[in-house]
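The structure under discussion appears below in the form of structure tokens.
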Amino acid sequence: MNIKAQSLLSLPTKRRTSFSSLSSLSSHLYLLHHRAAPHYLPKARELHALLLTSSLLSSSPPALTSLISLYSKCCCPASALSAFYSSPSPPNLFAWNAAISALSSNTLPADALLLFRFLRSHPSLFPDHFTFPCVIKSISDLGDAGDLKNTHALLFKFGLVSDVFASSAMVNGYLKLGIVDDAEVVFDEIPEKDVVLWNSMVNGFAQMGRFSNAKDYFHRMLEEGMVPSRFTVTGILSVFTSTADLNGGRNIHAFVVKIGYGFDVAISNSLIDLYGKCHDVEEAAEVFESMFEKDIFSWNSIISAFEYSADHPKALLLFRQMLCVGVQPDSITVAAVLPACSQLAALAHGREIHTYLLRHGIRGDAFVDNALMDMYAKCGMLDDARNAFDVMPNRDVASWNIIIDAYASHGRGEDALKLFSAMTTEPDEVTFVAVLSACSHSGLVEIGVKIFEQMKVMPVAEHYLCMVDMLGRAGMLEKSKEMAAAAEKACGVKGWRTYIAACKERGQMERVVEAAERLVEMEPAGSGAWVMAANAYGWVGKYEEVAEWRGEMRRRGVRKVPGCSWVEVAGHGVHTFISGERCHPRAEAIYAVIHELAGWIRDGGCLAQVGLNGPGEYRWN
DNA sequence: ATAGGGTTAG
């Protein structure tokens with residue numbers, strides 16, 4: 001046994017003989033558990049067995065406490081608790097505290113509180129300043145405001161109101177539950193505030209979205225000479241990230257460098273997130289490149305940063321790099337990178353990522369499942385999207401929105417409506433956008449109008465646009481125009497643009513001219529309205545007006561930004577077509593097909609305008 | 001011997 005104990009604990013030989021065992025064993029346990037993580041569990045079990053056979057557990061109270069704490073650090077609260085309960089001698093307060101802590105720090109708050117109740121009915125043991133922080137944390141995790149206040153009162157009873165540890169936990173709890181006044185009372189009560197207590201205020205306010213309070217406390221703590229910790233920095237950074245305050249964030253960045261936290265991984269990750277959300281993707285990339293050590297957060301943040309800036313090719317490229325350097329993507333990576341595939345209609349990549357998920361057993365959550373479904377839908381694979389929907393274990397409102405929108409954009413309005421009425425969650429704003437666009441694309445005007453009038457959410461720009469579009473497509477141009485005018489406040493020029501498209505479709509060029517003039521009035525610097533008005537005059541044969549509008553446009557220096565579209569061709573990358581250009585190597589063949597299609601469309605009795613775009617080419621890897 | 005904040009990503 002001794003040899004085994006020696007090898008396990010790496011005890012020096014000399015000490016082993018003087019063992020009185022207790023102190024040296026405990027100190028080794030202590031050293032061990034400071035480095036503990038789940039992979040230490042086998043060692044912990046071996047140690048446990050050893051302690052049992054050597055009867056140390058009954059003779060040495062510290063050994064029991066250390067063992068409980070060790071199991072806790074191994075994320076094994078069940079073993080911690082069983083060690084506590086099976087202790088040969090009655091556990092002392094240290095052991096009780098360690099056991100309560102093991103439960104509360106391993107997301108078992110209810111069990112921690114149960115154990116606390118047992119402790120409260122103990123005849124000779126009383127909770128102390130080590131007990132309360134864990135208990136208060138558990139209560140806050142459960143979100144019980146009444147219990148929190150009762151426990152606050154208990155602090156008075158046990159003379160712990162000025163304890164900074166219990167008070168930090170109290171502040172966290174109160175702010176988490178939105179009870180600001182009491183949090184501030186607790187805070188003010190503490191004569192010697194430490195940095196953790198300050199952080200609790202700053203981060204608490206930051207998390208509840210009271211950003212100016214968070215900033216106030218941050219500045220106050222600096223004024224009072226507190227040295228901010230890393231937690232302070234990440235907390236205050238989240239404030240500037242949430243408010244998309246680039247300048248405020250830059251100041252913190254400078255401050256971070258000044259106080260020497262520039263190479264902290266978590267802080268750098270927060271900075272990437274900050275710059276990403278503020279659409280300064282170059283700066284985000286610079287922070288990312290400067291990091292010596294990148295973790296999964298760094299990769300996920302930088303991929304998202306490129307996604308925020310709609311640089312989908314770069315997001316995909318980074319995903320590949322991530323794989324190359326051997327960082328395992330997780331569900332968050334996947335949920336960030338799948339939209340890139342959707343936006344690029346890059347089906348091959350989407351499938352590849354899906355396969356990757358399955359192969360590596362990455363557990364899909366609602367985000368991933370929704371992103372997969374959306375990717376299939378956006379790549380035109382409606383059946384695959386539907387299949388993903390059908391096998392999804394737990395659907396949230398986004399899942400329903402995505403599948404309804406999928407049917408809508410594939411022109412399957414009836415199916416979309418069927419799904420809408422089968423919804424098992426409350427519809428939200430987005431649902432109605434999808435449903436209205438379904439009606440719009442399938443000519444279901446009456447039902448669409450009824451849904452619009454009766455929907456239980458406040459109409460926003462998107463809803464109005466759907467209505468303008470729906471009425472316009474159905475040829476109800478006067479009604480469509482009324483809707484565009486009514487929606488001017490909500491969606492500005494977009495309503496008119498939609499209306500104009502419908503008028504063009506119907507060949508109602510007078511209406512186009514009229515609306516385009518209104519557009520130019522509203523948005524004199526934008527090119528779209530000018531071009532549209534000029535073209536519309538052309539279509540009705542008023543060529544002088546065309547020249548006039550074009551001339552005026554030139555004088556004012558309004559320039560047209562060419563539009564572009566793209567498509568992925570299996571095995572040949574993504575091809576982009578820019579308006580007015582014909583630089584694709586196979587432009588001729590492509591146009592031959594377009595003209596053939598146009599012929600079919602015309603023969604089918606439809607109006608068609610083709611040949612406006614010219615093929616270009618673009619590969620993103 | 002035991003304790004509070006535990007940061008950042010969809």
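In the structure tokens, chains take the letters A, B, ... in the order shown, each chain's residues start at 1, and ligands count up from 1 in the order shown.
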Chain A near chain B within 7 Å: what's each residue's closest atom pair and its distance in Å to one decimal, counting only C-alpha atoms (C1' of nucleotides), ordered by chain then ascending residue number, as JSON lines?
```
{"residue": "A:Pro62", "atom": "CA", "partner": "B:DA1", "partner_atom": "C1'", "distance": 4.6}
{"residue": "A:Thr65", "atom": "CA", "partner": "B:DA1", "partner_atom": "C1'", "distance": 5.8}
{"residue": "A:Ser66", "atom": "CA", "partner": "B:DA1", "partner_atom": "C1'", "distance": 6.0}
{"residue": "A:Phe94", "atom": "CA", "partner": "B:DT2", "partner_atom": "C1'", "distance": 4.9}
{"residue": "A:Ala95", "atom": "CA", "partner": "B:DT2", "partner_atom": "C1'", "distance": 6.7}
{"residue": "A:Asn97", "atom": "CA", "partner": "B:DT2", "partner_atom": "C1'", "distance": 5.5}
{"residue": "A:Ala98", "atom": "CA", "partner": "B:DT2", "partner_atom": "C1'", "distance": 4.9}
{"residue": "A:Phe130", "atom": "CA", "partner": "B:DA3", "partner_atom": "C1'", "distance": 4.4}
{"residue": "A:Thr131", "atom": "CA", "partner": "B:DA3", "partner_atom": "C1'", "distance": 6.9}
{"residue": "A:Pro133", "atom": "CA", "partner": "B:DG4", "partner_atom": "C1'", "distance": 5.6}
{"residue": "A:Phe165", "atom": "CA", "partner": "B:DG4", "partner_atom": "C1'", "distance": 4.4}
{"residue": "A:Ala166", "atom": "CA", "partner": "B:DG4", "partner_atom": "C1'", "distance": 6.3}
{"residue": "A:Ser168", "atom": "CA", "partner": "B:DG4", "partner_atom": "C1'", "distance": 5.7}
{"residue": "A:Ala169", "atom": "CA", "partner": "B:DG4", "partner_atom": "C1'", "distance": 5.5}
{"residue": "A:Val196", "atom": "CA", "partner": "B:DG5", "partner_atom": "C1'", "distance": 5.2}
{"residue": "A:Asn199", "atom": "CA", "partner": "B:DG5", "partner_atom": "C1'", "distance": 6.3}
{"residue": "A:Ser200", "atom": "CA", "partner": "B:DG5", "partner_atom": "C1'", "distance": 5.9}
{"residue": "A:Phe231", "atom": "CA", "partner": "B:DT7", "partner_atom": "C1'", "distance": 5.1}
{"residue": "A:Thr234", "atom": "CA", "partner": "B:DT7", "partner_atom": "C1'", "distance": 5.2}
{"residue": "A:Gly235", "atom": "CA", "partner": "B:DT7", "partner_atom": "C1'", "distance": 6.6}
{"residue": "A:Ala266", "atom": "CA", "partner": "B:DT8", "partner_atom": "C1'", "distance": 5.5}
{"residue": "A:Asn269", "atom": "CA", "partner": "B:DT8", "partner_atom": "C1'", "distance": 5.1}
{"residue": "A:Ser270", "atom": "CA", "partner": "B:DT8", "partner_atom": "C1'", "distance": 4.8}
{"residue": "A:Phe297", "atom": "CA", "partner": "B:DA9", "partner_atom": "C1'", "distance": 5.4}
{"residue": "A:Asn300", "atom": "CA", "partner": "B:DA9", "partner_atom": "C1'", "distance": 5.0}
{"residue": "A:Ser301", "atom": "CA", "partner": "B:DA9", "partner_atom": "C1'", "distance": 5.0}
{"residue": "A:Ile332", "atom": "CA", "partner": "B:DG10", "partner_atom": "C1'", "distance": 5.1}
{"residue": "A:Ala335", "atom": "CA", "partner": "B:DG10", "partner_atom": "C1'", "distance": 5.3}
{"residue": "A:Ala336", "atom": "CA", "partner": "B:DG10", "partner_atom": "C1'", "distance": 5.5}
{"residue": "A:Phe367", "atom": "CA", "partner": "B:DG10", "partner_atom": "C1'", "distance": 6.8}
```
When you look at Leu93 (chain A) with a cut-off of 8 Å (counting only C-alpha atoms (C1' of nucleotides)), what residues show up, excluding the ones that are within fewer than 5 positions of it in the same chain? I need them as a ChimeraX atom specification. /A:125-127
Enumerate the residues of region 89-242 of chain A with a DSSP assignment of alpha helix (DSSP H), computed from the backbone, and present them as number ranges by chain. A: 93-104, 109-120, 131-142, 145-157, 164-176, 180-189, 195-207, 211-223, 230-242
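Contact shell of region 440-449 of chain A at 6 Å (only C-alpha atoms (C1' of nucleotides); same-chain neighbours under 2 positions omitted): Gly411, Gly413, Leu436, Ser437, Ala438, Ile451, Phe452 and Met470 of chain A.
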List the neighbours of region 213-221 of chain A out to 12 Å using only C-alpha atoms (C1' of nucleotides); skip same-chain residues closer than 5 positions along the sequence, and give me the result as a PyMOL selection string. chain A and resi 175+180+184+187+193-208+226-229+231-240+243+248-249+252
Could you save those same residues with C-alpha atoms as an mmCIF file, in the first residue's frame?
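Written out: again_32.cif:
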```
data_model
loop_
_atom_site.group_PDB
_atom_site.id
_atom_site.type_symbol
_atom_site.label_atom_id
_atom_site.label_comp_id
_atom_site.auth_asym_id
_atom_site.auth_seq_id
_atom_site.Cartn_x
_atom_site.Cartn_y
_atom_site.Cartn_z
ATOM 1 C CA LEU A 175 -28.582 41.742 -10.473
ATOM 2 C CA VAL A 180 -31.050 46.589 -8.635
ATOM 3 C CA GLU A 184 -26.690 48.486 -4.521
ATOM 4 C CA PHE A 187 -22.631 46.849 -2.361
ATOM 5 C CA LYS A 193 -14.652 46.499 -1.519
ATOM 6 C CA ASP A 194 -12.419 44.251 -3.549
ATOM 7 C CA VAL A 195 -12.105 43.931 -7.309
ATOM 8 C CA VAL A 196 -14.450 40.944 -7.427
ATOM 9 C CA LEU A 197 -17.229 42.916 -5.788
ATOM 10 C CA TRP A 198 -16.737 45.731 -8.292
ATOM 11 C CA ASN A 199 -16.755 43.215 -11.123
ATOM 12 C CA SER A 200 -20.032 41.849 -9.864
ATOM 13 C CA MET A 201 -21.585 45.285 -10.280
ATOM 14 C CA VAL A 202 -20.012 45.994 -13.671
ATOM 15 C CA ASN A 203 -20.717 42.568 -15.149
ATOM 16 C CA GLY A 204 -24.136 42.294 -13.546
ATOM 17 C CA PHE A 205 -25.289 45.542 -15.077
ATOM 18 C CA ALA A 206 -23.664 44.631 -18.388
ATOM 19 C CA GLN A 207 -25.527 41.341 -18.527
ATOM 20 C CA MET A 208 -28.892 42.866 -17.764
ATOM 21 C CA MET A 226 -8.991 49.626 -8.024
ATOM 22 C CA VAL A 227 -6.811 47.673 -10.427
ATOM 23 C CA PRO A 228 -9.146 46.046 -12.965
ATOM 24 C CA SER A 229 -8.827 42.321 -13.406
ATOM 25 C CA PHE A 231 -12.890 39.819 -15.674
ATOM 26 C CA THR A 232 -13.404 43.551 -15.397
ATOM 27 C CA VAL A 233 -12.032 44.018 -18.874
ATOM 28 C CA THR A 234 -14.128 41.338 -20.550
ATOM 29 C CA GLY A 235 -17.184 42.631 -18.735
ATOM 30 C CA ILE A 236 -16.774 46.219 -19.834
ATOM 31 C CA LEU A 237 -15.845 45.110 -23.346
ATOM 32 C CA SER A 238 -19.138 43.265 -23.614
ATOM 33 C CA VAL A 239 -20.859 46.590 -22.926
ATOM 34 C CA PHE A 240 -19.217 48.238 -25.910
ATOM 35 C CA THR A 243 -23.903 48.754 -27.968
ATOM 36 C CA GLY A 248 -15.638 53.163 -26.664
ATOM 37 C CA GLY A 249 -14.311 49.699 -27.451
ATOM 38 C CA ILE A 252 -10.726 49.853 -23.776
#
```
